[in-house]
>>> print(open('start.tsv').read())   # TSV, C-alpha atoms
chain	number	residue	atom	x	y	z
A	799	MET	CA	10.68	3.13	-9.94
A	800	LEU	CA	9.32	5.21	-7.10
A	801	ALA	CA	12.25	7.45	-6.24
A	802	SER	CA	12.83	9.90	-3.42
A	803	SER	CA	11.32	13.34	-3.83
A	804	ASN	CA	14.67	14.95	-2.89
A	805	GLY	CA	12.97	17.24	-0.38
A	806	SER	CA	10.65	18.96	-2.86
A	807	GLU	CA	7.02	18.90	-1.72
A	808	PRO	CA	4.12	19.77	-4.02
A	809	PRO	CA	1.20	21.72	-2.50
A	810	SER	CA	-1.00	18.69	-3.16
A	811	LEU	CA	0.96	16.68	-0.60
A	812	LEU	CA	-1.01	18.32	2.20
A	813	THR	CA	-4.21	17.38	0.39
A	814	LEU	CA	-3.04	13.77	0.26
A	815	ARG	CA	-2.28	13.77	3.97
A	816	GLN	CA	-5.75	15.19	4.62
A	817	ALA	CA	-7.25	12.46	2.44
A	818	VAL	CA	-5.47	9.75	4.44
A	819	THR	CA	-6.61	11.24	7.76
A	820	PRO	CA	-9.81	13.19	6.97
A	821	LEU	CA	-11.50	15.20	9.69
A	822	SER	CA	-14.67	13.25	9.02
A	823	ASP	CA	-13.03	10.12	10.43
A	824	PHE	CA	-12.49	11.71	13.83
A	825	PRO	CA	-15.36	10.82	16.20
A	826	GLY	CA	-17.82	13.64	16.67
A	827	LEU	CA	-16.10	16.15	14.43
A	828	GLY	CA	-17.75	15.63	11.07
A	829	SER	CA	-19.01	13.23	8.45
A	830	GLU	CA	-18.39	12.80	4.76
A	831	GLU	CA	-21.21	13.65	2.37
A	832	ASP	CA	-22.75	10.57	0.83
A	833	THR	CA	-22.80	11.64	-2.80
A	834	PRO	CA	-23.41	8.86	-5.33
A	835	PRO	CA	-20.10	6.97	-5.62
A	836	PRO	CA	-18.55	5.67	-8.85
A	837	THR	CA	-19.20	2.09	-9.83
A	838	VAL	CA	-16.72	-0.57	-8.76
A	839	ALA	CA	-15.59	-0.87	-12.39
A	840	GLN	CA	-14.87	2.87	-12.46
A	841	LEU	CA	-12.96	2.64	-9.19
A	842	ARG	CA	-10.86	-0.21	-10.57
A	843	ALA	CA	-10.11	1.81	-13.69
A	844	GLY	CA	-9.05	4.67	-11.43
A	845	ILE	CA	-6.62	2.56	-9.40
A	846	ARG	CA	-5.14	1.09	-12.61
A	847	SER	CA	-4.55	4.58	-13.98
A	848	THR	CA	-2.98	5.69	-10.69
A	849	GLU	CA	-0.72	2.62	-10.70
A	850	GLN	CA	0.53	3.42	-14.19
A	851	ILE	CA	1.38	6.97	-13.13
A	852	ARG	CA	3.06	5.74	-9.95
A	853	ARG	CA	5.21	3.30	-11.89
A	854	ARG	CA	6.45	6.21	-14.00
A	855	GLY	CA	7.50	7.92	-10.76
A	856	GLU	CA	5.29	10.98	-11.31
A	857	LEU	CA	4.81	11.75	-7.62
A	858	THR	CA	3.17	15.15	-8.01
A	859	LYS	CA	0.44	13.71	-10.22
A	860	ILE	CA	-0.17	10.94	-7.70
A	861	THR	CA	-0.60	13.36	-4.81
A	862	ALA	CA	-3.21	15.23	-6.86
A	863	LEU	CA	-5.14	12.12	-8.00
A	864	LEU	CA	-5.18	9.99	-4.87
A	865	PRO	CA	-7.34	12.23	-2.64
A	866	VAL	CA	-10.23	11.98	-5.12
A	867	LEU	CA	-9.81	8.22	-5.50
A	868	LEU	CA	-9.67	7.71	-1.73
A	869	ALA	CA	-12.80	9.79	-1.19
A	870	ASP	CA	-14.67	7.95	-3.96
A	871	ALA	CA	-13.63	4.53	-2.66
A	872	ARG	CA	-14.63	5.41	0.92
A	873	ALA	CA	-18.04	6.58	-0.33
A	874	ALA	CA	-18.49	3.31	-2.21
A	875	VAL	CA	-17.56	1.27	0.87
A	876	ARG	CA	-20.14	3.18	2.93
A	877	GLN	CA	-22.95	2.86	0.41
A	878	TYR	CA	-22.46	-0.49	-1.31
A	879	THR	CA	-23.21	-3.94	0.07
A	880	GLY	CA	-22.22	-7.50	-0.73
A	881	ASP	CA	-19.80	-8.10	-3.60
A	882	ASP	CA	-19.76	-4.44	-4.63
A	883	ARG	CA	-18.70	-3.38	-1.15
A	884	ALA	CA	-15.96	-6.03	-1.10
A	885	GLY	CA	-14.73	-4.80	-4.48
A	886	ALA	CA	-14.73	-1.20	-3.27
A	887	CYS	CA	-12.75	-2.26	-0.19
A	888	ALA	CA	-10.14	-3.82	-2.46
A	889	VAL	CA	-9.72	-0.57	-4.39
A	890	LEU	CA	-9.60	1.42	-1.13
A	891	ALA	CA	-6.90	-0.89	0.22
A	892	GLU	CA	-4.78	-0.44	-2.91
A	893	ALA	CA	-5.30	3.33	-2.92
A	894	TYR	CA	-4.08	3.53	0.67
A	895	GLN	CA	-1.07	1.39	-0.25
A	896	VAL	CA	-0.15	3.75	-3.08
A	897	ALA	CA	-0.63	6.67	-0.70
A	898	ALA	CA	1.71	5.00	1.80
A	899	THR	CA	4.55	4.48	-0.69
A	900	THR	CA	4.08	8.01	-2.04
A	901	LEU	CA	4.17	9.57	1.43
A	902	THR	CA	7.27	7.52	2.22
A	903	ALA	CA	8.99	8.87	-0.88
A	904	PHE	CA	8.39	12.37	0.50
A	905	GLY	CA	9.85	11.39	3.87
A	906	LYS	CA	6.44	11.26	5.60
A	907	GLU	CA	6.82	7.77	7.06
A	908	ASP	CA	4.50	8.41	10.02
A	909	ALA	CA	1.66	9.40	7.70
A	910	ALA	CA	2.55	6.41	5.52
A	911	TYR	CA	2.19	4.11	8.53
A	912	THR	CA	-1.33	5.45	9.09
A	913	ALA	CA	-2.15	4.82	5.42
A	914	ILE	CA	-0.95	1.22	5.71
A	915	GLU	CA	-3.06	0.68	8.84
A	916	ARG	CA	-6.11	1.85	6.94
A	917	SER	CA	-5.13	-0.24	3.95
A	918	MET	CA	-5.00	-3.36	6.10
A	919	THR	CA	-8.46	-2.64	7.54
A	920	ALA	CA	-9.90	-2.30	4.04
A	921	ALA	CA	-7.99	-5.34	2.75
A	922	ARG	CA	-9.53	-7.60	5.41
A	923	GLN	CA	-12.98	-6.63	4.15
A	924	SER	CA	-12.12	-6.97	0.47
A	925	ASP	CA	-12.55	-9.74	-2.07
A	926	ASP	CA	-8.79	-10.10	-2.64
A	927	PRO	CA	-6.91	-11.94	0.14
A	928	ARG	CA	-3.53	-11.04	-1.35
A	929	LEU	CA	-3.93	-7.36	-0.55
A	930	GLU	CA	-3.15	-7.93	3.11
A	931	MET	CA	0.18	-9.54	2.21
A	932	ILE	CA	0.99	-6.67	-0.14
A	933	GLY	CA	0.18	-4.21	2.63
A	934	VAL	CA	2.54	-5.98	5.00
A	935	SER	CA	5.27	-5.88	2.37
A	936	SER	CA	4.80	-2.13	2.13
A	937	LEU	CA	5.01	-1.85	5.92
A	938	SER	CA	8.33	-3.69	5.86
A	939	TRP	CA	9.61	-1.25	3.26
A	940	ILE	CA	8.42	1.78	5.26
A	941	PHE	CA	10.24	0.48	8.33
A	942	SER	CA	13.40	0.00	6.29
A	943	LYS	CA	13.18	3.59	5.03
A	944	GLN	CA	12.97	4.75	8.66
A	945	GLY	CA	16.08	2.78	9.51
A	946	ARG	CA	14.00	0.33	11.56
A	947	LEU	CA	15.67	-2.69	9.98
A	948	ALA	CA	14.95	-5.04	12.90
A	949	ASP	CA	11.23	-4.21	12.67
A	950	ALA	CA	11.32	-4.61	8.88
A	951	GLU	CA	12.89	-8.04	9.29
A	952	GLN	CA	10.38	-9.07	11.96
A	953	VAL	CA	7.45	-8.03	9.77
A	954	ALA	CA	8.91	-9.98	6.86
A	955	VAL	CA	9.52	-13.14	8.86
A	956	ARG	CA	6.09	-13.10	10.51
A	957	MET	CA	4.32	-12.74	7.19
A	958	ALA	CA	6.44	-15.51	5.68
A	959	GLU	CA	5.45	-17.77	8.57
A	960	ARG	CA	1.79	-17.07	7.87
A	961	ILE	CA	2.27	-17.99	4.22
A	962	GLU	CA	4.38	-21.07	4.99
A	963	PRO	CA	4.19	-22.44	8.58
A	964	GLY	CA	7.48	-24.33	8.16
A	965	PHE	CA	9.26	-21.19	7.03
A	966	ARG	CA	11.75	-20.92	9.89
A	967	SER	CA	13.23	-24.30	9.10
A	968	ALA	CA	13.64	-23.53	5.41
A	969	PRO	CA	16.95	-22.28	3.95
A	970	ILE	CA	15.31	-19.03	2.81
A	971	ALA	CA	14.68	-18.09	6.45
A	972	GLU	CA	18.41	-17.75	7.01
A	973	GLN	CA	18.80	-15.51	3.99
A	974	ILE	CA	15.97	-13.26	5.16
A	975	ALA	CA	17.43	-13.06	8.66
A	976	LEU	CA	20.76	-12.05	7.15
A	977	SER	CA	19.49	-9.55	4.62
A	978	GLY	CA	16.48	-8.02	6.36
A	979	CYS	CA	14.93	-7.54	2.92
A	980	ALA	CA	12.42	-10.36	2.71
A	981	ILE	CA	9.46	-8.53	1.28
A	982	THR	CA	9.28	-6.04	-1.54
A	983	PRO	CA	6.90	-3.06	-1.61
A	984	ARG	CA	4.14	-2.50	-4.17
A	985	PRO	CA	4.78	-3.52	-7.78
A	986	GLY	CA	7.26	-1.36	-9.63
A	987	THR	CA	8.88	0.13	-6.53
A	988	SER	CA	12.43	-0.48	-5.38
A	989	TRP	CA	13.51	-3.22	-3.03
A	990	PRO	CA	14.97	-1.76	0.18
A	991	SER	CA	18.67	-1.29	-0.37
A	992	CYS	CA	20.56	-2.71	2.61
A	993	GLY	CA	23.93	-3.09	0.92
A	994	ASN	CA	24.05	-6.73	2.01
A	995	GLU	CA	25.42	-9.23	-0.52
A	996	ASN	CA	22.72	-11.69	0.60
A	997	CYS	CA	20.21	-9.51	-1.24
A	998	ALA	CA	21.89	-10.22	-4.55
A	999	GLY	CA	19.43	-12.94	-5.46
A	1000	LEU	CA	16.36	-10.78	-4.98
A	1001	PRO	CA	14.52	-9.50	-8.07
A	1002	SER	CA	16.02	-6.23	-9.26
A	1003	SER	CA	12.66	-5.22	-10.69
A	1004	GLY	CA	11.05	-5.15	-7.27
A	1005	ILE	CA	7.92	-6.85	-8.61
A	1006	TRP	CA	5.79	-8.49	-5.94
A	1007	PRO	CA	4.74	-11.88	-7.35
A	1008	PHE	CA	0.99	-11.47	-6.83
A	1009	ALA	CA	0.51	-7.72	-6.90
A	1010	SER	CA	0.24	-7.14	-10.63
A	1011	ASN	CA	-2.52	-9.75	-10.66
A	1012	SER	CA	-4.64	-8.13	-7.95
A	1013	LYS	CA	-8.34	-8.14	-8.70
A	1014	ALA	CA	-8.44	-4.39	-9.26
A	1015	GLU	CA	-5.79	-4.70	-11.97
A	1016	ARG	CA	-7.30	-7.78	-13.61
A	1017	GLN	CA	-10.71	-6.25	-14.17
>>> encode(input="start.tsv", output="structure tokens")
Amino acid sequence: MLASSNGSEPPSLLTLRQAVTPLSDFPGLGSEEDTPPPTVAQLRAGIRSTEQIRRRGELTKITALLPVLLADARAAVRQYTGDDRAGACAVLAEAYQVAATTLTAFGKEDAAYTAIERSMTAARQSDDPRLEMIGVSSLSWIFSKQGRLADAEQVAVRMAERIEPGFRSAPIAEQIALSGCAITPRPGTSWPSCGNENCAGLPSSGIWPFASNSKAERQ
């Protein structure tokens, strides 16, 4: 489980925030060096390793590893084309999602929101259509951690409608409206705890049905 950091911030947290919002991304203020990026296979191995560490709840290690992975994935997206670029975008999207849940655990929800925005941009250019849904699930969780339960519910319902157009007429729509906990965050993390008995039927493991089978994890 990805637990709260209890107010303790490692020095590497600032490095992670810088990696999510690098100076090079600000117009006119710099550019990242285009050093030869890792292969897509190496990037996928990197995100798998980061996921394993995240699932053990080792937040400090994640904050130290993610900046390098984010920089490598961005370099690959800039330099690769075709299928390799799409694969690099998938890894970049997942890396931003892990960054978002990690930043949220440290109480940095605003920075986490930025990470999810960037994750969604990368996901739309990737070769894995499920990553966008996983990103939205993380956004719902971030909102719930901020106490923005109405926004979390709205995000959940809108995504469910995209998956199933007849969603609002289905019985599950009522349960989601009551619980406000429709969508779980990334695999291995906790479901938002709303204290509502309507959440009782949700998976206690917090496993998103598709996430563990994302392309980056399969290969």
>>> closest_residue(input="start.tsv", among="A:Met957, A:Ile851, A:Leu864, A:Ala839", to="Ala888 of chain A", atoms="only C-alpha atoms")
A:Ala839
>>> closest_residue(input="start.tsv", among="A:Ala920, A:Val818, A:Val934, A:Leu841", to="Ala884 of chain A", atoms="only C-alpha atoms")
A:Ala920
>>> atom_distance(input="start.tsv", atom1="atom CA of Pro808 of chain A", atom2="atom CA of Gln895 of chain A")
19.5 Å
>>> closest_residue(input="start.tsv", among="A:Pro927, A:Gly880, A:Ser936, A:Cys887", to="Tyr911 of chain A", atoms="only C-alpha atoms")
A:Ser936
>>> atom_distance(input="start.tsv", atom1="atom CA of Ala948 of chain A", atom2="atom CA of Glu930 of chain A")
20.8 Å
>>> atom_distance(input="start.tsv", atom1="atom CA of Ala921 of chain A", atom2="atom CA of Ala891 of chain A")
5.2 Å
>>> closest_residue(input="start.tsv", among="A:Pro834, A:Thr879, A:Gln816, A:Ser810", to="Ala913 of chain A", atoms="all atoms listed in the file")
A:Gln816
>>> closest_residue(input="start.tsv", among="A:Leu814, A:Ala873, A:Ala897, A:Leu890", to="Leu929 of chain A", atoms="all atoms listed in the file")
A:Leu890
>>> residues_around(input="start.tsv", residues="Asp882 of chain A", least_positions_apart="3", cutoff="10 Å", atoms="only C-alpha atoms", output="CSV table (one decimal) with C-alpha atoms, in the coordinates of the input")
chain,number,residue,atom,x,y,z
A,837,THR,CA,-19.2,2.1,-9.8
A,838,VAL,CA,-16.7,-0.6,-8.8
A,839,ALA,CA,-15.6,-0.9,-12.4
A,874,ALA,CA,-18.5,3.3,-2.2
A,875,VAL,CA,-17.6,1.3,0.9
A,877,GLN,CA,-23.0,2.9,0.4
A,878,TYR,CA,-22.5,-0.5,-1.3
A,879,THR,CA,-23.2,-3.9,0.1
A,885,GLY,CA,-14.7,-4.8,-4.5
A,886,ALA,CA,-14.7,-1.2,-3.3
A,887,CYS,CA,-12.8,-2.3,-0.2
A,888,ALA,CA,-10.1,-3.8,-2.5
A,924,SER,CA,-12.1,-7.0,0.5
A,925,ASP,CA,-12.6,-9.7,-2.1
>>> residues_around(input="start.tsv", residues="Glu807 of chain A", least_positions_apart="3", cutoff="10 Å", atoms="all atoms listed in the file", output="list in words")
Ser803, Asn804, Ser810, Leu811, Leu812, Leu857, Thr858, Thr861, Phe904 and Gly905 of chain A
>>> closest_residue(input="start.tsv", among="A:Ile860, A:Gln923, A:Ala909, A:Met931", to="Glu959 of chain A", atoms="all atoms listed in the file")
A:Met931
